[in-house]
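So the structure is just underneath, and the comments pick up after that.
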Amino acid sequence: MLQPGNPELPVARVAVDVPLSHLDRPYDYAVTAEQDQAAVPGARVRVRFSGRLCDGFILDRVAASEHVGALAGLHKIISSEPVLTAEIATLIRRVADHYAGTFADMMRLAIPPRHAATERAAPARAEMRAAEKPFDGPVGGYPTGDRYLQVLRDGGRPRAFWQVTPTAAATGDWAVGLAQAARACVNGGRGAVLVVPDQRDLAQLEQACAAALGPGTFAVLVAEAGPAARYRAFLAALRGDVRVVIGNRAAAFAPVRDLGLVALWDDGDDLLSEQRAPYPHAREVLALRAAEAKAAVLFAAYGRTAEIQTWLERGWLAELGQERVAVRHDAPRIKVTADSDLALERDPQARSARLPHEVFELIRAALPQGPVLVQVPRSGYLVALVCQGCREPARCRFCAGPTKVPEPSPAGVGGAVASCSWCGRPQADWECPICGFRRTRAPVVGSARTAEELGRAFPGTPVRQSAGGAAAATVPETSAIVVATPGAEPSVAGGYAAAVLLDTPLLLLRPDLRAAEEALRRWLNAVALVRGGFDGGSVIAVGESASRPLQALVRVDPGGFAAREIAERREAGFPPAVTMVVIEGQPEALEDFRSLVTPPGVTEILGPSEIAGPPGSDTAASRLTLRAPATVGADLVKAVKEVAGIRSTRKSEGAVRIRVNPVAIG
């Protein structure tokens, strides 16, 4: 029987911020009468754990504990704001188990640090009634698009992949389309979470949401915004001040009330994959959240990943795309250089030249109509050097690192002073150790050198550059040549008159399982900045015309390419056709890990094998790969997590990094 003044639920179950695998569970603490009102589920607390004070969150209040003996009390309630909702706590647990991680690791990613002044500030509530002003967007122009929006408004939970047609016309405006879907969801009385890869995409989506929903009716949640701004956006969703949250991968855990829609743009962008353990991908997080919350799904992209193709084939997603006739009408006209005998007759060197004659013809014809985009895979000037005599890569005389020419040199390639990419030392007296030749040439040319060459070929035409930290957001509609690296292409009102995709083999020859998929994604993102074919937009790609990704680009057929890609991965045994767990660490640690793991019987164990360490490092590193059919993938991940717990209990030497279905497999 409770004593007068004692709490009705005297036990608090706390998720303690301790990332050790064998301690990955809630712990019970006693709640005093003074703490009863403030100790609400979701509140931040400080508890004594293993002799030291640790932060944590209250998950629940219960009447009794299974623990035998007296319970330690809550040391302090930091804040009574219930920032960890039951829905997000369940999601954190599911994502942690999915990636063989811990609740504490995921908790740090999902819940922003507290900002006391922001928490105490009075919230600025926005009017959240259904928007009455008409708003048209591109989704309704796609087959079944109107039906999808209507089901959203009626409170349904349709799941679709929107195959956006790559064009600068209205049908290719993905940001307006996502805002249109969010508005339909809000009009149905529910909330939405919209996630994009980077700041450029976020700025575009923010503008579209302001037009569709109204200023102040949505929150922008990004980790890079700073502690106060991030926490303010988080609290706005938590307290119900807004129904829509947009942002980068940090927004996937936004505590939106009555969640009705999760949407994601361009899931193939590697920025959506978290770089901290347990390395969750926003696509998987949103899929798990939609399943838990029974929410609608709208994933959208110009390209298509193998993961999305798998969900389409399983029927978990339905395709929302245009008919082929409409795609050919709306998308720019795309071709590959030297794709016919006639083209080779006109320019016999077209297949070996970096800038064939067709490229100059297209630029010359398009410039009077507007700016022309030239996409170059690498930034810099002369990115890599080889011996002009024997074509052996030119290596640094001091550390054997790769060499390059970082800045333009009036002396040309042979007379330019190269430097090492690793140690930075100049290579003025370089001599080839193979043939003794003292001159170099550049097989890989960067965007700066390309801009210089095009400036000489088109005198009087402005040449603008956009790459890396010097990326431009927009360029004027006036006639100009814009040289940009993938992802840094500026937008232009009305779209580019034409685009040129240079050095396509460089993207295809990367030692990565996703090289072809990523190359096609980057090309389609550039194509989407060009005017539609009905408006004279043209794109030319310089590469091998028989290349499968380039053929898919010409046909604007990312779906067909993804279907063939997933078929080949099933045959070869690569994700997402299988579940793959990669463990990296020191050789001794991996041998210990392998001796402890007991995976499902159908699991294939590869390694440990030696892998390259950081440049200039002598530290040995190894990789252990476990591969099993997707049907037993959860069992494999569980077995790996159990081993991590055993090693944590034993305090085994040598840290290991565990990644489930990593984005980069090379």
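We label chains A, B, ... in the order they appear in the structure tokens, count residues from 1 in each chain, and number ligands from 1 in the order shown.
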
**Q.** Secondary structure check, helix (DSSP H, G or I) residues of region 33-141 of chain A, as a ChimeraX atom specification
**A.** /A:86-98,103-110,116-120,138-141

Q | region 450-461 of chain A environment, 12 Å, only C-alpha atoms, sequence neighbours closer than 5 positions dropped, as number ranges by chain | A | A: 354-355, 357, 359-361, 363-364, 367-368, 370-383, 407-410, 444-445, 466-467, 478-485, 500-503

Just the selected residues (N, CA and C atoms), exported as a compact mmCIF listing (two decimals), in the first residue's frame, please.
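Generated file (out-v1.txt):
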# COMPACT_ATOMS: atom_id res chain seq x y z
N ARG A 354 38.70 14.09 -75.97
CA ARG A 354 37.95 14.50 -74.78
C ARG A 354 36.86 15.49 -75.14
N LEU A 355 37.10 16.37 -76.10
CA LEU A 355 36.12 17.34 -76.57
C LEU A 355 35.92 17.15 -78.06
N HIS A 357 34.20 17.06 -81.89
CA HIS A 357 33.64 18.15 -82.70
C HIS A 357 32.16 18.36 -82.39
N VAL A 359 30.63 18.29 -79.63
CA VAL A 359 30.46 19.11 -78.43
C VAL A 359 30.51 20.59 -78.81
N PHE A 360 31.49 20.95 -79.60
CA PHE A 360 31.61 22.36 -80.02
C PHE A 360 30.42 22.78 -80.87
N GLU A 361 29.92 21.87 -81.70
CA GLU A 361 28.75 22.19 -82.51
C GLU A 361 27.53 22.47 -81.63
N ILE A 363 27.45 23.40 -78.40
CA ILE A 363 27.63 24.63 -77.64
C ILE A 363 27.41 25.84 -78.53
N ARG A 364 27.98 25.80 -79.74
CA ARG A 364 27.86 26.93 -80.66
C ARG A 364 26.40 27.18 -81.04
N LEU A 367 24.30 28.44 -77.53
CA LEU A 367 24.65 29.69 -76.84
C LEU A 367 23.72 30.86 -77.18
N PRO A 368 23.29 31.03 -78.43
CA PRO A 368 22.35 32.15 -78.68
C PRO A 368 21.02 31.99 -77.96
N GLY A 370 20.71 30.64 -74.79
CA GLY A 370 20.84 30.74 -73.34
C GLY A 370 22.12 30.09 -72.85
N PRO A 371 22.29 29.95 -71.55
CA PRO A 371 23.52 29.37 -71.01
C PRO A 371 23.62 27.87 -71.30
N VAL A 372 24.86 27.39 -71.34
CA VAL A 372 25.15 25.97 -71.59
C VAL A 372 25.90 25.42 -70.39
N LEU A 373 25.44 24.29 -69.88
CA LEU A 373 26.07 23.64 -68.73
C LEU A 373 27.08 22.60 -69.20
N VAL A 374 28.27 22.61 -68.62
CA VAL A 374 29.29 21.60 -68.89
C VAL A 374 29.64 20.93 -67.57
N GLN A 375 29.28 19.65 -67.43
CA GLN A 375 29.56 18.92 -66.20
C GLN A 375 30.88 18.17 -66.33
N VAL A 376 31.78 18.39 -65.36
CA VAL A 376 33.10 17.75 -65.32
C VAL A 376 33.20 17.00 -64.00
N PRO A 377 33.58 15.71 -64.00
CA PRO A 377 33.56 14.93 -62.75
C PRO A 377 34.52 15.42 -61.68
N ARG A 378 35.64 16.05 -62.08
CA ARG A 378 36.66 16.41 -61.09
C ARG A 378 36.88 17.91 -61.08
N SER A 379 37.08 18.46 -59.87
CA SER A 379 37.45 19.86 -59.75
C SER A 379 38.96 19.98 -59.86
N GLY A 380 39.45 21.21 -59.86
CA GLY A 380 40.90 21.42 -59.96
C GLY A 380 41.35 21.69 -61.38
N TYR A 381 42.67 21.59 -61.58
CA TYR A 381 43.26 21.92 -62.88
C TYR A 381 43.71 20.62 -63.57
N LEU A 382 44.94 20.21 -63.34
CA LEU A 382 45.43 18.92 -63.83
C LEU A 382 45.43 17.98 -62.63
N VAL A 383 44.42 17.14 -62.56
CA VAL A 383 44.13 16.39 -61.33
C VAL A 383 45.10 15.24 -61.12
N GLU A 407 47.25 24.64 -59.90
CA GLU A 407 46.90 25.95 -60.45
C GLU A 407 47.31 26.03 -61.91
N PRO A 408 46.60 26.83 -62.71
CA PRO A 408 47.01 27.01 -64.09
C PRO A 408 48.44 27.51 -64.20
N SER A 409 49.14 27.01 -65.22
CA SER A 409 50.53 27.42 -65.43
C SER A 409 50.72 27.82 -66.88
N PRO A 410 51.24 28.98 -67.14
CA PRO A 410 51.46 29.41 -68.52
C PRO A 410 52.48 28.54 -69.24
N VAL A 444 43.75 13.02 -66.49
CA VAL A 444 42.54 13.48 -65.80
C VAL A 444 42.60 15.00 -65.70
N VAL A 445 41.65 15.66 -66.33
CA VAL A 445 41.61 17.12 -66.38
C VAL A 445 40.46 17.61 -65.52
N SER A 466 31.69 26.56 -61.17
CA SER A 466 30.99 26.23 -59.93
C SER A 466 31.47 24.86 -59.47
N ALA A 467 32.20 24.83 -58.36
CA ALA A 467 32.75 23.56 -57.87
C ALA A 467 33.06 23.66 -56.40
N THR A 478 21.47 34.80 -69.29
CA THR A 478 22.21 35.26 -70.46
C THR A 478 23.14 34.19 -71.00
N SER A 479 23.56 34.36 -72.22
CA SER A 479 24.43 33.40 -72.90
C SER A 479 25.76 33.29 -72.17
N ALA A 480 26.13 32.07 -71.79
CA ALA A 480 27.38 31.81 -71.08
C ALA A 480 27.63 30.32 -71.03
N ILE A 481 28.87 29.96 -70.76
CA ILE A 481 29.23 28.56 -70.53
C ILE A 481 29.47 28.39 -69.04
N VAL A 482 28.79 27.43 -68.43
CA VAL A 482 28.89 27.18 -66.99
C VAL A 482 29.55 25.82 -66.79
N VAL A 483 30.75 25.82 -66.25
CA VAL A 483 31.49 24.58 -65.99
C VAL A 483 31.31 24.24 -64.51
N ALA A 484 30.77 23.06 -64.24
CA ALA A 484 30.46 22.68 -62.86
C ALA A 484 30.77 21.22 -62.63
N THR A 485 31.03 20.90 -61.37
CA THR A 485 31.23 19.51 -60.97
C THR A 485 29.88 18.94 -60.51
N VAL A 500 26.48 19.52 -71.54
CA VAL A 500 27.51 18.61 -72.01
C VAL A 500 28.03 17.84 -70.80
N LEU A 501 28.05 16.53 -70.91
CA LEU A 501 28.56 15.66 -69.84
C LEU A 501 29.90 15.11 -70.28
N LEU A 502 30.98 15.61 -69.67
CA LEU A 502 32.34 15.23 -70.07
C LEU A 502 32.88 14.12 -69.17
N ASP A 503 33.88 13.42 -69.70
CA ASP A 503 34.65 12.42 -68.93
C ASP A 503 33.75 11.42 -68.23

Q: Find the residue from A:Ala384, A:Pro215, A:Glu206, A:Ala182 that sits nearest to Leu298 (chain A); use only C-alpha atoms when measuring.
A: A:Ala182

**Q.** Residues within 7 Å of region 257-272 of chain A, only C-alpha atoms, excluding chain neighbours under 2 positions, as a ChimeraX atom specification
**A.** /A:185,190-197,240,243,249,255,274,281-283,286,290,293,295-301,305

Once you have the residues from the selection above, write them out as a PDB file, in the first residue's frame, restricted to C-alpha atoms.
ATOM      1  CA  CYS A 185      -1.636  15.692 -45.896  1.00  0.00           C
ATOM      2  CA  ARG A 190      -2.159  15.159 -40.294  1.00  0.00           C
ATOM      3  CA  GLY A 191       1.545  16.070 -40.255  1.00  0.00           C
ATOM      4  CA  ALA A 192       4.425  15.406 -42.645  1.00  0.00           C
ATOM      5  CA  VAL A 193       8.202  15.006 -42.602  1.00  0.00           C
ATOM      6  CA  LEU A 194      10.119  15.937 -45.769  1.00  0.00           C
ATOM      7  CA  VAL A 195      13.826  15.023 -45.996  1.00  0.00           C
ATOM      8  CA  VAL A 196      16.394  16.177 -48.581  1.00  0.00           C
ATOM      9  CA  PRO A 197      20.159  15.552 -48.877  1.00  0.00           C
ATOM     10  CA  GLY A 240       2.396  20.814 -32.148  1.00  0.00           C
ATOM     11  CA  ARG A 243       2.560  20.056 -38.694  1.00  0.00           C
ATOM     12  CA  ARG A 249      18.740  13.454 -42.480  1.00  0.00           C
ATOM     13  CA  PRO A 255       8.521  14.369 -33.450  1.00  0.00           C
ATOM     14  CA  GLU A 274      24.866   9.000 -41.404  1.00  0.00           C
ATOM     15  CA  HIS A 281      20.366   5.737 -43.905  1.00  0.00           C
ATOM     16  CA  ALA A 282      17.470   8.201 -43.970  1.00  0.00           C
ATOM     17  CA  ARG A 283      15.662   6.017 -46.523  1.00  0.00           C
ATOM     18  CA  LEU A 286      11.717   6.751 -42.909  1.00  0.00           C
ATOM     19  CA  ALA A 290       6.161   4.818 -41.898  1.00  0.00           C
ATOM     20  CA  ALA A 293       3.218   5.101 -37.624  1.00  0.00           C
ATOM     21  CA  ALA A 295       1.934   6.803 -42.515  1.00  0.00           C
ATOM     22  CA  ALA A 296       1.976   7.421 -46.249  1.00  0.00           C
ATOM     23  CA  VAL A 297       5.271   7.344 -48.164  1.00  0.00           C
ATOM     24  CA  LEU A 298       6.491   9.425 -51.090  1.00  0.00           C
ATOM     25  CA  PHE A 299      10.067   8.817 -52.194  1.00  0.00           C
ATOM     26  CA  ALA A 300      11.117  10.763 -55.279  1.00  0.00           C
ATOM     27  CA  ALA A 301      14.157  11.024 -57.561  1.00  0.00           C
ATOM     28  CA  THR A 305      18.402   3.048 -56.650  1.00  0.00           C
TER      29      THR A 305
END

Q: Identify which of the residues A:Ala628, A:Ala394, A:Ala306, A:Val220 lies closest to Arg569 (chain A), counting only C-alpha atoms when measuring atom-to-atom distances.
A: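 Of A:Ala628, A:Ala394, A:Ala306, A:Val220, the one nearest Arg569 (chain A), counting only C-alpha atoms, is A:Ala306.
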
What are the nearest atom pairs, with distances in Å to one decimal, for all residues of region 167-250 of chain A that come at most 12 Å from region 311-325 of chain A, using only C-alpha atoms, set out by chain and rising residue number as a tab-separated table?
residue	atom	partner	partner_atom	distance
A:Thr171	CA	A:Gln322	CA	9.5
A:Gly172	CA	A:Gln322	CA	10.8
A:Gly177	CA	A:Leu320	CA	11.9

**Q.** Non-local contacts of region 25-39 of chain A (6 Å; only C-alpha atoms; under 4 positions in same chain excluded) as a list in words
**A.** Asn6, Pro7, Pro10, Val11, Ala12, Arg13, Val14, Ala15, Leu71, Ala72, Gly73, Leu74 and Ser80 of chain A

Those residues you just picked out, can you put them in a file as a PDB file, in the first residue's frame with C-alpha atoms?
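Generated output (out37.pdb):
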ATOM      1  CA  ASN A   6       4.350   8.665  -2.409  1.00  0.00           C
ATOM      2  CA  PRO A   7       4.164   8.542  -6.213  1.00  0.00           C
ATOM      3  CA  PRO A  10       7.352   5.087  -8.145  1.00  0.00           C
ATOM      4  CA  VAL A  11       9.657   3.503 -10.729  1.00  0.00           C
ATOM      5  CA  ALA A  12      11.100   5.256 -13.790  1.00  0.00           C
ATOM      6  CA  ARG A  13      12.548   3.221 -16.632  1.00  0.00           C
ATOM      7  CA  VAL A  14      15.474   5.187 -17.992  1.00  0.00           C
ATOM      8  CA  ALA A  15      17.459   4.926 -21.226  1.00  0.00           C
ATOM      9  CA  LEU A  71      16.608   1.124  -6.408  1.00  0.00           C
ATOM     10  CA  ALA A  72      18.877   4.116  -6.803  1.00  0.00           C
ATOM     11  CA  GLY A  73      16.977   7.356  -7.153  1.00  0.00           C
ATOM     12  CA  LEU A  74      16.986   9.821 -10.003  1.00  0.00           C
ATOM     13  CA  SER A  80      10.457  18.080 -17.652  1.00  0.00           C
TER      14      SER A  80
END

Q: Measuring atom to atom with only C-alpha atoms, identify which of A:Ala219, A:Ala169, A:Ala43, A:Ala117 is nearest to Ala86 (chain A).
A: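 Of the candidates, the smallest distance to Ala86 (chain A) is held by A:Ala43.
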
Q.
Give me the residues near region 327-339 of chain A as a PyMOL selection string, where near means some atom within 7 Å (using only C-alpha atoms) and where sequence neighbours in that chain fewer than 6 positions away do not count.
A. chain A and resi 165-167+350-351+358+530-534+537-543+545+554

Can you write out the residues you just picked, keeping C-alpha atoms, as a tab-separated table (two decimals), in the first residue's frame?
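Ended up saving to again_19.tsv:
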chain	number	residue	atom	x	y	z
A	165	THR	CA	10.96	13.28	-65.26
A	166	PRO	CA	14.33	15.07	-65.57
A	167	THR	CA	13.47	18.42	-67.11
A	350	ALA	CA	35.42	11.37	-81.76
A	351	ARG	CA	35.81	8.25	-79.66
A	358	GLU	CA	29.99	17.42	-81.81
A	530	VAL	CA	17.97	21.63	-69.08
A	531	ARG	CA	14.89	22.80	-70.94
A	532	GLY	CA	12.51	20.15	-72.19
A	533	GLY	CA	12.81	18.63	-75.64
A	534	PHE	CA	9.66	20.48	-76.72
A	537	GLY	CA	16.74	21.48	-74.83
A	538	SER	CA	19.63	19.15	-75.78
A	539	VAL	CA	22.21	17.10	-73.87
A	540	ILE	CA	25.30	15.37	-75.21
A	541	ALA	CA	27.43	12.89	-73.26
A	542	VAL	CA	31.04	12.15	-74.19
A	543	GLY	CA	31.72	8.48	-73.70
A	545	SER	CA	27.90	4.76	-76.73
A	554	VAL	CA	19.72	8.35	-73.66

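If you measure from each of A:Thr310, A:Thr474, A:Gln388, A:Asn525 to Val556 (chain A) using only C-alpha atoms, the closest one turns out to be A:Asn525.
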
Q) Using only C-alpha atoms, which of A:Ala116, A:Ile78, A:Val656, A:Ile611 sits nearest Leu235 (chain A)? A)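 Counting only C-alpha atoms, the residue closest to Leu235 (chain A) is A:Ala116.
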
**Q.** Between CA of Lys641 (chain A) and CA of Pro511 (chain A), distance in Å (one decimal)
**A.**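 It comes out at 29.0 Å.
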
Q: To one decimal in Å, tell me the separation between CA of Gln369 (chain A) and CA of Ala499 (chain A).
A: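 Rounded to one decimal, the two atoms are 12.4 Å apart.
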
(Q) Neighbouring residues of Phe218 (chain A) were defined as those with any atom within 8 Å, considering only C-alpha atoms; residues of the same chain fewer than 3 positions away were excluded. Please report them as a list of chain:residue names. (A) A:Cys209, A:Leu213, A:Pro215, A:Val242, A:Arg243, A:Val244, A:Val245, A:Ile246

Q) If we count only C-alpha atoms, what is near Ala472 (chain A) at a cut-off of 9 Å, once residues fewer than 4 positions away on the same chain are taken out, given as a ChimeraX atom specification? A) /A:465-467,488-491

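Taking CA of Val663 (chain A) and CA of Arg514 (chain A) as the two end points, the separation is 8.1 Å.
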
**Q.** Using only C-alpha atoms: which of A:Gly303, A:Gly495, A:Pro608, A:Pro426 has the shortest distance to Glu517 (chain A)
**A.**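 Looking only at the distances to Glu517 (chain A), the closest residue turns out to be A:Gly303.
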